[in-house]
Each structure stands twice: as structure tokens, then as C-alpha cells.
$ cat data_35.pdb   # PDB, C-alpha atoms
MODEL        1
ATOM      1  CA  LYS A   2     116.359 103.300 105.706
ATOM      2  CA  ASP A   3     115.693 105.713 108.524
ATOM      3  CA  THR A   4     111.968 105.061 108.580
ATOM      4  CA  LEU A   5     109.617 102.093 108.638
ATOM      5  CA  PRO A   6     106.233 102.418 106.895
ATOM      6  CA  SER A   7     103.359 101.739 109.297
ATOM      7  CA  SER A   8     102.059  98.959 107.077
ATOM      8  CA  VAL A   9     101.058  95.423 108.024
ATOM      9  CA  ALA A  10     100.112  92.526 105.757
ATOM     10  CA  VAL A  11      99.273  88.836 106.058
ATOM     11  CA  THR A  12     100.796  86.499 103.467
ATOM     12  CA  PRO A  13      99.016  83.481 101.940
ATOM     13  CA  ARG A  14     101.262  81.349 104.173
ATOM     14  CA  LYS A  15      99.607  83.039 107.177
ATOM     15  CA  SER A  16     102.698  84.972 108.274
ATOM     16  CA  ILE A  17     102.624  88.662 109.211
ATOM     17  CA  ILE A  18     104.959  91.095 107.455
ATOM     18  CA  VAL A  19     105.577  94.735 108.378
ATOM     19  CA  GLY A  20     107.083  97.763 106.653
ATOM     20  CA  ASP A  21     108.102  98.146 103.017
ATOM     21  CA  ALA A  22     107.200  94.555 102.110
ATOM     22  CA  ALA A  23     103.727  95.044 103.571
ATOM     23  CA  LEU A  24     103.332  98.349 101.726
ATOM     24  CA  ALA A  25     104.258  96.679  98.435
ATOM     25  CA  ALA A  26     101.789  93.879  99.158
ATOM     26  CA  HIS A  27      99.093  96.466  99.871
ATOM     27  CA  ARG A  28      99.582  98.196  96.529
ATOM     28  CA  LYS A  29      99.488  94.903  94.625
ATOM     29  CA  GLU A  30      96.353  93.883  96.490
ATOM     30  CA  LYS A  31      94.559  97.120  95.603
ATOM     31  CA  LEU A  32      95.432  96.697  91.929
ATOM     32  CA  ARG A  33      94.048  93.136  91.999
ATOM     33  CA  ALA A  34      90.918  94.431  93.711
ATOM     34  CA  ALA A  35      90.346  96.766  90.765
ATOM     35  CA  GLU A  36      90.132  93.656  88.580
ATOM     36  CA  ASN A  37      88.193  91.548  91.093
ATOM     37  CA  SER A  38      86.075  93.441  93.613
ATOM     38  CA  GLY A  39      85.539  90.269  95.672
ATOM     39  CA  ILE A  40      89.060  90.256  97.115
ATOM     40  CA  VAL A  41      89.104  90.407 100.930
ATOM     41  CA  PRO A  42      91.890  92.676 102.273
ATOM     42  CA  ASN A  43      94.961  91.156 103.870
ATOM     43  CA  SER A  44      97.062  94.321 104.019
ATOM     44  CA  TYR A  45      96.555  97.406 106.126
ATOM     45  CA  LEU A  46      97.844 100.948 106.585
ATOM     46  CA  GLU A  47      96.658 104.270 108.030
ATOM     47  CA  PHE A  48      95.150 102.426 111.015
ATOM     48  CA  LYS A  49      96.512 105.098 113.337
ATOM     49  CA  THR A  50      93.457 107.212 112.523
ATOM     50  CA  THR A  51      91.150 104.506 113.915
ATOM     51  CA  MET A  52      92.942 104.031 117.240
ATOM     52  CA  GLY A  53      90.486 103.896 120.139
ATOM     53  CA  THR A  54      87.527 102.966 117.924
ATOM     54  CA  ASP A  55      85.622  99.731 117.259
ATOM     55  CA  ILE A  56      86.749  99.580 113.622
ATOM     56  CA  THR A  57      88.329  96.243 112.677
ATOM     57  CA  TYR A  58      90.328  94.982 109.686
ATOM     58  CA  PRO A  59      89.468  91.513 108.304
ATOM     59  CA  SER A  60      92.006  88.959 107.095
ATOM     60  CA  SER A  61      90.820  86.140 104.843
ATOM     61  CA  PHE A  62      94.157  84.336 105.145
ATOM     62  CA  LEU A  63      93.943  84.128 108.955
ATOM     63  CA  ASP A  64      90.134  84.085 109.089
ATOM     64  CA  LYS A  65      90.099  86.747 111.798
ATOM     65  CA  GLU A  66      89.791  90.485 112.312
ATOM     66  CA  PHE A  67      92.483  92.810 113.653
ATOM     67  CA  ASN A  68      91.815  95.967 115.625
ATOM     68  CA  SER A  69      93.996  99.065 115.377
ATOM     69  CA  GLU A  70      95.904  98.229 118.559
ATOM     70  CA  GLU A  71      96.897  94.794 117.255
ATOM     71  CA  LEU A  72      98.133  96.203 113.950
ATOM     72  CA  SER A  73     100.054  98.967 115.730
ATOM     73  CA  SER A  74     101.644  96.407 118.033
ATOM     74  CA  GLU A  75     103.014  94.550 114.989
ATOM     75  CA  VAL A  76     104.758  97.752 113.855
ATOM     76  CA  LEU A  77     106.202  98.266 117.341
ATOM     77  CA  LEU A  78     107.370  94.645 117.470
ATOM     78  CA  LYS A  79     109.179  95.145 114.159
ATOM     79  CA  LEU A  80     110.899  98.279 115.449
ATOM     80  CA  LYS A  81     111.798  96.452 118.653
ATOM     81  CA  SER A  82     113.430  93.650 116.635
ATOM     82  CA  PHE A  83     115.986  96.099 115.215
ATOM     83  CA  VAL A  84     117.645  96.408 118.647
ATOM     84  CA  LYS A  85     119.927  93.386 118.854
ATOM     85  CA  ASP A  86     122.318  94.124 121.708
ATOM     86  CA  GLU A  87     119.921  94.730 124.606
ATOM     87  CA  ASN A  88     116.489  93.820 125.918
ATOM     88  CA  VAL A  89     114.191  96.813 125.424
ATOM     89  CA  ASN A  90     111.316  97.021 127.916
ATOM     90  CA  SER A  91     110.546 100.759 127.898
ATOM     91  CA  ILE A  92     109.324 102.998 125.091
ATOM     92  CA  VAL A  93     108.332 106.586 124.356
ATOM     93  CA  ILE A  94     105.687 106.856 121.630
ATOM     94  CA  THR A  95     104.747 110.114 119.959
ATOM     95  CA  VAL A  96     101.037 110.768 119.424
ATOM     96  CA  PRO A  97      99.063 113.531 117.682
ATOM     97  CA  ALA A  98      98.334 116.493 119.936
ATOM     98  CA  ARG A  99      94.616 116.057 119.263
ATOM     99  CA  PHE A 100      94.486 112.455 120.469
ATOM    100  CA  LYS A 101      91.847 112.004 123.188
ATOM    101  CA  VAL A 102      91.928 109.615 126.144
ATOM    102  CA  PRO A 103      90.598 106.543 124.222
ATOM    103  CA  GLN A 104      93.194 107.024 121.473
ATOM    104  CA  ASN A 105      96.024 107.453 123.972
ATOM    105  CA  GLU A 106      94.879 104.390 125.911
ATOM    106  CA  ALA A 107      94.757 102.374 122.686
ATOM    107  CA  THR A 108      98.326 103.449 121.892
ATOM    108  CA  ILE A 109      99.496 102.298 125.318
ATOM    109  CA  LYS A 110      97.667  98.989 124.824
ATOM    110  CA  ALA A 111      99.449  98.485 121.497
ATOM    111  CA  ALA A 112     102.805  98.969 123.235
ATOM    112  CA  LYS A 113     101.839  96.492 125.962
ATOM    113  CA  LEU A 114     100.854  93.940 123.303
ATOM    114  CA  ALA A 115     104.318  94.407 121.785
ATOM    115  CA  GLY A 116     105.907  93.501 125.133
ATOM    116  CA  PHE A 117     106.842  96.916 126.466
ATOM    117  CA  GLU A 118     106.425  97.244 130.223
ATOM    118  CA  VAL A 119     106.940 101.010 130.646
ATOM    119  CA  VAL A 120     105.153 103.250 128.141
ATOM    120  CA  GLU A 121     105.288 107.056 127.967
ATOM    121  CA  LEU A 122     103.404 109.174 125.434
ATOM    122  CA  LEU A 123     104.804 112.399 123.987
ATOM    123  CA  GLN A 124     102.838 114.824 121.844
ATOM    124  CA  GLU A 125     104.323 114.976 118.357
ATOM    125  CA  PRO A 126     104.748 118.783 118.239
ATOM    126  CA  ILE A 127     106.732 118.579 121.493
ATOM    127  CA  ALA A 128     108.890 115.799 120.067
ATOM    128  CA  ALA A 129     109.596 117.971 117.019
ATOM    129  CA  SER A 130     110.433 120.928 119.275
ATOM    130  CA  ILE A 131     112.884 118.835 121.275
ATOM    131  CA  ALA A 132     114.567 117.512 118.126
ATOM    132  CA  TYR A 133     114.864 120.989 116.600
ATOM    133  CA  GLY A 134     115.955 122.583 119.866
ATOM    134  CA  LEU A 135     119.079 120.435 120.032
ATOM    135  CA  ASP A 136     120.609 122.525 117.233
ATOM    136  CA  ALA A 137     118.649 125.770 117.454
ATOM    137  CA  LYS A 138     120.791 128.840 118.125
ATOM    138  CA  ASN A 139     117.924 130.848 119.593
ATOM    139  CA  LYS A 140     115.966 128.479 121.803
ATOM    140  CA  ASP A 141     113.934 130.917 123.899
ATOM    141  CA  GLY A 142     110.662 132.311 122.555
ATOM    142  CA  ILE A 143     107.344 131.192 121.114
ATOM    143  CA  TRP A 144     107.555 128.450 118.511
ATOM    144  CA  LEU A 145     104.876 127.434 116.040
ATOM    145  CA  VAL A 146     105.344 123.727 115.399
ATOM    146  CA  PHE A 147     103.339 121.793 112.828
ATOM    147  CA  ASP A 148     103.402 118.126 111.901
ATOM    148  CA  PHE A 149     101.711 117.162 108.649
ATOM    149  CA  GLY A 150     101.887 113.380 108.703
ATOM    150  CA  GLY A 151     100.520 110.520 106.673
ATOM    151  CA  GLY A 152      97.070 110.638 108.214
ATOM    152  CA  THR A 153      97.013 113.361 110.867
ATOM    153  CA  PHE A 154      97.853 117.049 111.127
ATOM    154  CA  ASP A 155      98.962 118.789 114.329
ATOM    155  CA  VAL A 156      99.973 122.329 115.176
ATOM    156  CA  ALA A 157     101.107 123.653 118.533
ATOM    157  CA  LEU A 158     102.257 126.903 120.091
ATOM    158  CA  VAL A 159     105.219 126.096 122.331
ATOM    159  CA  LYS A 160     106.834 128.526 124.760
ATOM    160  CA  VAL A 161     110.506 127.903 125.462
ATOM    161  CA  VAL A 162     112.325 129.554 128.358
ATOM    162  CA  GLN A 163     115.867 128.382 129.154
ATOM    163  CA  GLY A 164     115.211 125.060 127.487
ATOM    164  CA  ILE A 165     111.952 124.400 129.348
ATOM    165  CA  MET A 166     109.098 123.773 126.906
ATOM    166  CA  THR A 167     105.467 124.538 127.688
ATOM    167  CA  VAL A 168     102.576 123.916 125.314
ATOM    168  CA  ILE A 169     100.402 127.039 125.149
ATOM    169  CA  ASP A 170      97.767 125.578 122.842
ATOM    170  CA  THR A 171      97.257 122.847 120.253
ATOM    171  CA  ALA A 172      94.996 122.351 117.260
ATOM    172  CA  GLY A 173      94.813 120.021 114.317
ATOM    173  CA  ASP A 174      92.851 117.370 112.507
ATOM    174  CA  ASN A 175      93.106 113.635 113.214
ATOM    175  CA  ASN A 176      91.757 112.896 109.720
ATOM    176  CA  LEU A 177      93.956 115.081 107.534
ATOM    177  CA  GLY A 178      97.310 114.048 106.135
ATOM    178  CA  GLY A 179      99.375 112.942 103.182
ATOM    179  CA  LYS A 180      96.788 110.315 102.246
ATOM    180  CA  ASP A 181      94.324 113.137 101.527
ATOM    181  CA  LEU A 182      96.840 114.784  99.177
ATOM    182  CA  ASP A 183      97.246 111.425  97.435
ATOM    183  CA  LEU A 184      93.493 111.045  96.958
ATOM    184  CA  ALA A 185      93.213 114.659  95.757
ATOM    185  CA  MET A 186      95.793 113.865  93.060
ATOM    186  CA  VAL A 187      93.774 110.781  92.142
ATOM    187  CA  ASP A 188      90.492 112.708  91.924
ATOM    188  CA  LYS A 189      91.797 115.845  90.207
ATOM    189  CA  LEU A 190      94.490 114.440  87.923
ATOM    190  CA  ILE A 191      94.637 110.657  87.511
ATOM    191  CA  ILE A 192      90.960 109.691  87.202
ATOM    192  CA  PRO A 193      90.137 112.567  84.811
ATOM    193  CA  TYR A 194      93.097 111.477  82.657
ATOM    194  CA  LEU A 195      91.912 107.853  82.676
ATOM    195  CA  ASP A 196      88.348 108.920  81.908
ATOM    196  CA  GLU A 197      89.553 110.945  78.935
ATOM    197  CA  ASN A 198      91.747 108.197  77.477
ATOM    198  CA  TYR A 199      90.076 104.924  78.508
ATOM    199  CA  SER A 200      86.586 103.437  78.801
ATOM    200  CA  ILE A 201      86.041 103.563  82.566
ATOM    201  CA  LYS A 202      82.631 105.244  82.755
ATOM    202  CA  SER A 203      81.053 102.036  84.099
ATOM    203  CA  PHE A 204      83.520 102.188  87.003
ATOM    204  CA  LEU A 205      82.812 105.838  87.696
ATOM    205  CA  LYS A 206      79.018 105.322  87.727
ATOM    206  CA  ASP A 207      79.315 102.550  90.347
ATOM    207  CA  ALA A 208      80.213 104.022  93.766
ATOM    208  CA  VAL A 209      81.837 100.794  95.002
ATOM    209  CA  LYS A 210      83.884 100.277  91.829
ATOM    210  CA  LYS A 211      84.905 103.933  91.789
ATOM    211  CA  GLU A 212      86.228 103.687  95.346
ATOM    212  CA  ILE A 213      88.178 100.533  94.448
ATOM    213  CA  LEU A 214      89.689 102.367  91.483
ATOM    214  CA  ARG A 215      90.582 105.382  93.666
ATOM    215  CA  THR A 216      92.311 103.122  96.182
ATOM    216  CA  ALA A 217      94.207 101.265  93.448
ATOM    217  CA  MET A 218      95.486 104.534  91.971
ATOM    218  CA  LYS A 219      96.457 106.015  95.348
ATOM    219  CA  GLY A 220      99.831 104.234  95.368
ATOM    220  CA  TYR A 221     100.791 105.836  92.053
ATOM    221  CA  ALA A 222      99.812 109.251  93.382
ATOM    222  CA  GLU A 223     101.969 108.753  96.458
ATOM    223  CA  GLU A 224     104.961 107.705  94.368
ATOM    224  CA  ALA A 225     104.537 110.785  92.165
ATOM    225  CA  LYS A 226     104.208 113.031  95.214
ATOM    226  CA  VAL A 227     107.450 111.690  96.675
ATOM    227  CA  GLN A 228     109.315 112.098  93.392
ATOM    228  CA  LEU A 229     108.081 115.697  93.088
ATOM    229  CA  SER A 230     109.963 116.472  96.305
ATOM    230  CA  ASP A 231     113.179 116.413  94.280
ATOM    231  CA  ASN A 232     112.040 116.767  90.658
ATOM    232  CA  PRO A 233     110.187 119.583  88.847
ATOM    233  CA  LYS A 234     107.901 117.094  87.080
ATOM    234  CA  VAL A 235     107.058 113.398  86.986
ATOM    235  CA  ASP A 236     105.432 111.122  84.384
TER
ENDMDL
END

$ encode --input "data_35.pdb" --output "C-alpha cells"
Amino acid sequence: KDTLPSSVAVTPRKSIIVGDAALAAHRKEKLRAAENSGIVPNSYLEFKTTMGTDITYPSSFLDKEFNSEELSSEVLLKLKSFVKDENVNSIVITVPARFKVPQNEATIKAAKLAGFEVVELLQEPIAASIAYGLDAKNKDGIWLVFDFGGGTFDVALVKVVQGIMTVIDTAGDNNLGGKDLDLAMVDKLIIPYLDENYSIKSFLKDAVKKEILRTAMKGYAEEAKVQLSDNPKVD
């Protein structure tokens, strides 16, 4: 695969897994939580949106709490492990254009925890501009670049003159992304269907249980969303 999901999980044997295996573990965990609300999380995703904050993620298997930097460092360590033929000490990490100083500093800290000595940050709209510009026939002008990611949304106006890129302005939302589309599908389509065909009113009346149900159904919404990229409909 060309991409690695930014997912981290702790197994019952106290080992840390990253990527697709962690994402699968997360979905199974959320389904179990719908049956037993007392389950303590041991899988994590979308922690990019909490970078630079005091929010922590508990693990019952390790009896500790992770912060966003520690979870991000596990993803970076996994990516680093894919390079077999050389020792990688430097890294360029893309960040949302709307990241503030604490979020940028947290990103750098995550890279340091993963063993990188030299860390450079690049705004994601600029990274997209560079990637597109390699093949663009008409490079000069004003570009509108937007990045709608899993948890964040960025848009930038970029001026390009003879290959030199300058950001004119940026905007966006650090709490808007694909996860919000997933939850919208859950709220507007999946839960109403379940409510119509099954006896779940006790869940819907309880705010905690309803949120557990929403989270458990989110994985199905994401799968459907991905399939709809190539198919006119999905069951």
C-alpha cells in the first residue's frame, strides 16, 4: 500500500501495533464497546487533532496514558522502519496550515521521540503544490490548494512565479475532515435505519450509549464512503 493509516493500538500482550492492524483492532474494540460500555480503549486514531493539548489516551493493557506526541511518534517509527538500506536521521513532516506554535512544537517533539535528529515542517497546501507542480504545464499564477484530510481541512492561496512558491493566505478548520463525513452518514443514514428496524431506543435515550453506538458504526460508514469512490451504490 502507498499509505499507512495513522492508527495505533496496544495488544493484550502489551505490544504496540501501528497501521492497518491497529485500525482493524480499533473497529473491533468499538463494536465490543457497544456490547459492554465498560471497555477501556486500547486503540487510537485521529490524535492529530489533539496535538499540542493536554488530552491523553488511556491504555488498560499497559496501565498508562499516551499523549498525542507519543502516539504520533509510533506512526513515525513505523514509517521509519520501512527504510531498510540506510539510517534515516532527518525528516520533513507536513502539517495543517492552521497549526499554531504549540501544535507545531508537538509535531517536532513526536519526530524527536521517533529518533529523528533534524526535523523540518512543511505546510500541507505547499506540499500539495510542490507535488502537483512537478507535472503542471502552466506553473506560474495563483493556485487555490485545498486539503480535505481525515481530521483537518486546509485551503491556501499560493502564488507561483518561475517555480518559486509564496503563500498569500491560508484558512481552514483543524476539526473538520473525513471523520465528520463518516459521523454524518452515521447520524443521517445508519442510526435512523437501525432505529426503524431494531429496538435501540434505550441506546438513543442514553447519551453515553448513543455515543458508543455512533463510534461503533463509524467504521461501517467509512468503508461505505470509500467504496462509493468507485461504485454508484453500496449495501

$ residues_near_point --input "data_35.pdb" --point "(89.4, 92.6, 110.6)" --cutoff "12 Å" --atoms "all atoms listed in the file" --output "number ranges by chain"
A: 10-11, 41-45, 48, 55-72

$ residues_near_point --input "data_35.pdb" --point "(94.6, 105.7, 127.1)" --cutoff "12 Å" --atoms "all atoms listed in the file" --output "PyMOL selection string"
chain A and resi 52-54+70+96+100-113+120-122

$ closest_residue --input "data_35.pdb" --among "A:Lys211, A:Lys206, A:Lys189, A:Arg99" --to "Val156 of chain A" --atoms "all atoms listed in the file"
A:Arg99

$ atom_distance --input "data_35.pdb" --atom1 "atom CA of Ser203 of chain A" --atom2 "atom CA of Ala25 of chain A"
27.8 Å

$ closest_residue --input "data_35.pdb" --among "A:Phe147, A:Phe154, A:Tyr199, A:Phe117" --to "Lys180 of chain A" --atoms "all atoms listed in the file"
A:Phe154

$ atom_distance --input "data_35.pdb" --atom1 "atom CA of Asn88 of chain A" --atom2 "atom CA of Glu118 of chain A"
11.5 Å

$ closest_residue --input "data_35.pdb" --among "A:Gly152, A:Gly164, A:Gly134, A:Pro193" --to "Asp181 of chain A" --atoms "all atoms listed in the file"
A:Gly152

$ closest_residue --input "data_35.pdb" --among "A:Asn37, A:Ser8, A:Asn176, A:Ser91" --to "Thr50 of chain A" --atoms "only C-alpha atoms"
A:Asn176

$ closest_residue --input "data_35.pdb" --among "A:Asn90, A:Thr51, A:Thr4, A:Asn175" --to "Phe149 of chain A" --atoms "all atoms listed in the file"
A:Asn175

$ atom_distance --input "data_35.pdb" --atom1 "atom CA of Ala185 of chain A" --atom2 "atom CA of Ser73 of chain A"
26.3 Å

$ resolve_selection --input "data_35.pdb" --expression "the PyMOL selection byres ((chain A and resi 213) around 9)" --output "list in words"
Lys31, Leu32, Ala34, Ala35, Ser38, Phe204, Ala208, Val209, Lys210, Lys211, Glu212, Leu214, Arg215, Thr216, Ala217 and Met218 of chain A

$ resolve_selection --input "data_35.pdb" --expression "the PyMOL selection byres ((chain A and resi 130) around 10)" --output "PyMOL selection string"
chain A and resi 125-129+131-135+137+140+144-147+157+159+161+166

$ residues_around --input "data_35.pdb" --residues "Gly220 of chain A" --least-positions-apart "6" --cutoff "12 Å" --atoms "all atoms listed in the file" --output "PyMOL selection string"
chain A and resi 24-32+46+179-180+182-184+186-187+191+214+226-227

$ axis_aligned_box --input "data_35.pdb" --around "segment 65-77 of chain A" --padding-each-side "5 Å" --output "JSON"
{"center_x": 98.0, "center_y": 92.9, "center_z": 115.2, "size_x": 26.4, "size_y": 22.3, "size_z": 16.8}

$ resolve_selection --input "data_35.pdb" --expression "the PyMOL selection byres ((chain A and resi 236) around 9)" --output "mmCIF file with C-alpha atoms, in the frame of the given file"
data_model
loop_
_atom_site.group_PDB
_atom_site.id
_atom_site.type_symbol
_atom_site.label_atom_id
_atom_site.label_comp_id
_atom_site.auth_asym_id
_atom_site.auth_seq_id
_atom_site.Cartn_x
_atom_site.Cartn_y
_atom_site.Cartn_z
ATOM 1 C CA ALA A 225 104.537 110.785 92.165
ATOM 2 C CA LYS A 234 107.901 117.094 87.080
ATOM 3 C CA VAL A 235 107.058 113.398 86.986
#

$ residues_around --input "data_35.pdb" --residues "Ser7 of chain A" --least-positions-apart "2" --cutoff "8 Å" --atoms "all atoms listed in the file" --output "list in words"
Leu5, Val9, Val19, Gly20, Leu46, Glu47, Ser73 and Val76 of chain A

$ closest_residue --input "data_35.pdb" --among "A:Lys49, A:Ser16, A:Asp207, A:Leu190" --to "Tyr221 of chain A" --atoms "only C-alpha atoms"
A:Leu190

$ build_atoms --input "data_35.pdb" --residues "segment 3-35 of chain A" --atoms "N, CA and C atoms" --output "PDB file, in the coordinates of the input"
ATOM      1  N   ASP A   3     115.893 105.107 107.212  1.00  0.00           N
ATOM      2  CA  ASP A   3     115.693 105.713 108.524  1.00  0.00           C
ATOM      3  C   ASP A   3     114.278 105.529 109.050  1.00  0.00           C
ATOM      4  N   THR A   4     113.373 105.161 108.179  1.00  0.00           N
ATOM      5  CA  THR A   4     111.968 105.061 108.580  1.00  0.00           C
ATOM      6  C   THR A   4     111.391 103.705 108.206  1.00  0.00           C
ATOM      7  N   LEU A   5     110.333 103.344 108.904  1.00  0.00           N
ATOM      8  CA  LEU A   5     109.617 102.093 108.638  1.00  0.00           C
ATOM      9  C   LEU A   5     108.154 102.445 108.356  1.00  0.00           C
ATOM     10  N   PRO A   6     107.646 102.131 107.165  1.00  0.00           N
ATOM     11  CA  PRO A   6     106.233 102.418 106.895  1.00  0.00           C
ATOM     12  C   PRO A   6     105.325 101.688 107.887  1.00  0.00           C
ATOM     13  N   SER A   7     104.313 102.364 108.366  1.00  0.00           N
ATOM     14  CA  SER A   7     103.359 101.739 109.297  1.00  0.00           C
ATOM     15  C   SER A   7     102.363 100.912 108.500  1.00  0.00           C
ATOM     16  N   SER A   8     102.867  99.847 107.917  1.00  0.00           N
ATOM     17  CA  SER A   8     102.059  98.959 107.077  1.00  0.00           C
ATOM     18  C   SER A   8     102.190  97.531 107.585  1.00  0.00           C
ATOM     19  N   VAL A   9     101.084  96.820 107.575  1.00  0.00           N
ATOM     20  CA  VAL A   9     101.058  95.423 108.024  1.00  0.00           C
ATOM     21  C   VAL A   9     100.306  94.609 106.980  1.00  0.00           C
ATOM     22  N   ALA A  10     100.789  93.396 106.714  1.00  0.00           N
ATOM     23  CA  ALA A  10     100.112  92.526 105.757  1.00  0.00           C
ATOM     24  C   ALA A  10     100.226  91.076 106.218  1.00  0.00           C
ATOM     25  N   VAL A  11      99.256  90.276 105.794  1.00  0.00           N
ATOM     26  CA  VAL A  11      99.273  88.836 106.058  1.00  0.00           C
ATOM     27  C   VAL A  11      99.522  88.132 104.732  1.00  0.00           C
ATOM     28  N   THR A  12     100.470  87.214 104.697  1.00  0.00           N
ATOM     29  CA  THR A  12     100.796  86.499 103.467  1.00  0.00           C
ATOM     30  C   THR A  12      99.890  85.270 103.326  1.00  0.00           C
ATOM     31  N   PRO A  13      99.809  84.707 102.115  1.00  0.00           N
ATOM     32  CA  PRO A  13      99.016  83.481 101.940  1.00  0.00           C
ATOM     33  C   PRO A  13      99.486  82.329 102.824  1.00  0.00           C
ATOM     34  N   ARG A  14     100.745  82.381 103.266  1.00  0.00           N
ATOM     35  CA  ARG A  14     101.262  81.349 104.173  1.00  0.00           C
ATOM     36  C   ARG A  14     100.958  81.657 105.634  1.00  0.00           C
ATOM     37  N   LYS A  15     100.101  82.676 105.847  1.00  0.00           N
ATOM     38  CA  LYS A  15      99.607  83.039 107.177  1.00  0.00           C
ATOM     39  C   LYS A  15     100.664  83.680 108.078  1.00  0.00           C
ATOM     40  N   SER A  16     101.710  84.240 107.491  1.00  0.00           N
ATOM     41  CA  SER A  16     102.698  84.972 108.274  1.00  0.00           C
ATOM     42  C   SER A  16     102.429  86.463 108.152  1.00  0.00           C
ATOM     43  N   ILE A  17     102.847  87.222 109.183  1.00  0.00           N
ATOM     44  CA  ILE A  17     102.624  88.662 109.211  1.00  0.00           C
ATOM     45  C   ILE A  17     103.916  89.377 108.822  1.00  0.00           C
ATOM     46  N   ILE A  18     103.810  90.297 107.867  1.00  0.00           N
ATOM     47  CA  ILE A  18     104.959  91.095 107.455  1.00  0.00           C
ATOM     48  C   ILE A  18     104.660  92.567 107.732  1.00  0.00           C
ATOM     49  N   VAL A  19     105.729  93.335 107.975  1.00  0.00           N
ATOM     50  CA  VAL A  19     105.577  94.735 108.378  1.00  0.00           C
ATOM     51  C   VAL A  19     106.566  95.593 107.587  1.00  0.00           C
ATOM     52  N   GLY A  20     106.160  96.812 107.266  1.00  0.00           N
ATOM     53  CA  GLY A  20     107.083  97.763 106.653  1.00  0.00           C
ATOM     54  C   GLY A  20     106.965  97.822 105.147  1.00  0.00           C
ATOM     55  N   ASP A  21     108.098  97.958 104.466  1.00  0.00           N
ATOM     56  CA  ASP A  21     108.102  98.146 103.017  1.00  0.00           C
ATOM     57  C   ASP A  21     107.487  96.959 102.282  1.00  0.00           C
ATOM     58  N   ALA A  22     107.763  95.747 102.751  1.00  0.00           N
ATOM     59  CA  ALA A  22     107.200  94.555 102.110  1.00  0.00           C
ATOM     60  C   ALA A  22     105.682  94.560 102.221  1.00  0.00           C
ATOM     61  N   ALA A  23     105.178  94.970 103.375  1.00  0.00           N
ATOM     62  CA  ALA A  23     103.727  95.044 103.571  1.00  0.00           C
ATOM     63  C   ALA A  23     103.115  96.138 102.709  1.00  0.00           C
ATOM     64  N   LEU A  24     103.824  97.258 102.564  1.00  0.00           N
ATOM     65  CA  LEU A  24     103.332  98.349 101.726  1.00  0.00           C
ATOM     66  C   LEU A  24     103.257  97.923 100.266  1.00  0.00           C
ATOM     67  N   ALA A  25     104.267  97.185  99.807  1.00  0.00           N
ATOM     68  CA  ALA A  25     104.258  96.679  98.435  1.00  0.00           C
ATOM     69  C   ALA A  25     103.114  95.690  98.231  1.00  0.00           C
ATOM     70  N   ALA A  26     102.889  94.840  99.235  1.00  0.00           N
ATOM     71  CA  ALA A  26     101.789  93.879  99.158  1.00  0.00           C
ATOM     72  C   ALA A  26     100.445  94.600  99.108  1.00  0.00           C
ATOM     73  N   HIS A  27     100.338  95.694  99.850  1.00  0.00           N
ATOM     74  CA  HIS A  27      99.093  96.466  99.871  1.00  0.00           C
ATOM     75  C   HIS A  27      98.790  97.045  98.493  1.00  0.00           C
ATOM     76  N   ARG A  28      99.793  97.591  97.846  1.00  0.00           N
ATOM     77  CA  ARG A  28      99.582  98.196  96.529  1.00  0.00           C
ATOM     78  C   ARG A  28      99.201  97.142  95.490  1.00  0.00           C
ATOM     79  N   LYS A  29      99.840  95.979  95.553  1.00  0.00           N
ATOM     80  CA  LYS A  29      99.488  94.903  94.625  1.00  0.00           C
ATOM     81  C   LYS A  29      98.056  94.429  94.871  1.00  0.00           C
ATOM     82  N   GLU A  30      97.691  94.341  96.132  1.00  0.00           N
ATOM     83  CA  GLU A  30      96.353  93.883  96.490  1.00  0.00           C
ATOM     84  C   GLU A  30      95.286  94.838  95.966  1.00  0.00           C
ATOM     85  N   LYS A  31      95.543  96.140  96.063  1.00  0.00           N
ATOM     86  CA  LYS A  31      94.559  97.120  95.603  1.00  0.00           C
ATOM     87  C   LYS A  31      94.423  97.093  94.078  1.00  0.00           C
ATOM     88  N   LEU A  32      95.515  96.821  93.378  1.00  0.00           N
ATOM     89  CA  LEU A  32      95.432  96.697  91.929  1.00  0.00           C
ATOM     90  C   LEU A  32      94.641  95.452  91.537  1.00  0.00           C
ATOM     91  N   ARG A  33      94.832  94.346  92.263  1.00  0.00           N
ATOM     92  CA  ARG A  33      94.048  93.136  91.999  1.00  0.00           C
ATOM     93  C   ARG A  33      92.579  93.367  92.299  1.00  0.00           C
ATOM     94  N   ALA A  34      92.306  94.147  93.344  1.00  0.00           N
ATOM     95  CA  ALA A  34      90.918  94.431  93.711  1.00  0.00           C
ATOM     96  C   ALA A  34      90.202  95.212  92.619  1.00  0.00           C
ATOM     97  N   ALA A  35      90.952  96.026  91.863  1.00  0.00           N
ATOM     98  CA  ALA A  35      90.346  96.766  90.765  1.00  0.00           C
ATOM     99  C   ALA A  35      89.885  95.826  89.659  1.00  0.00           C
TER     100      ALA A  35
END
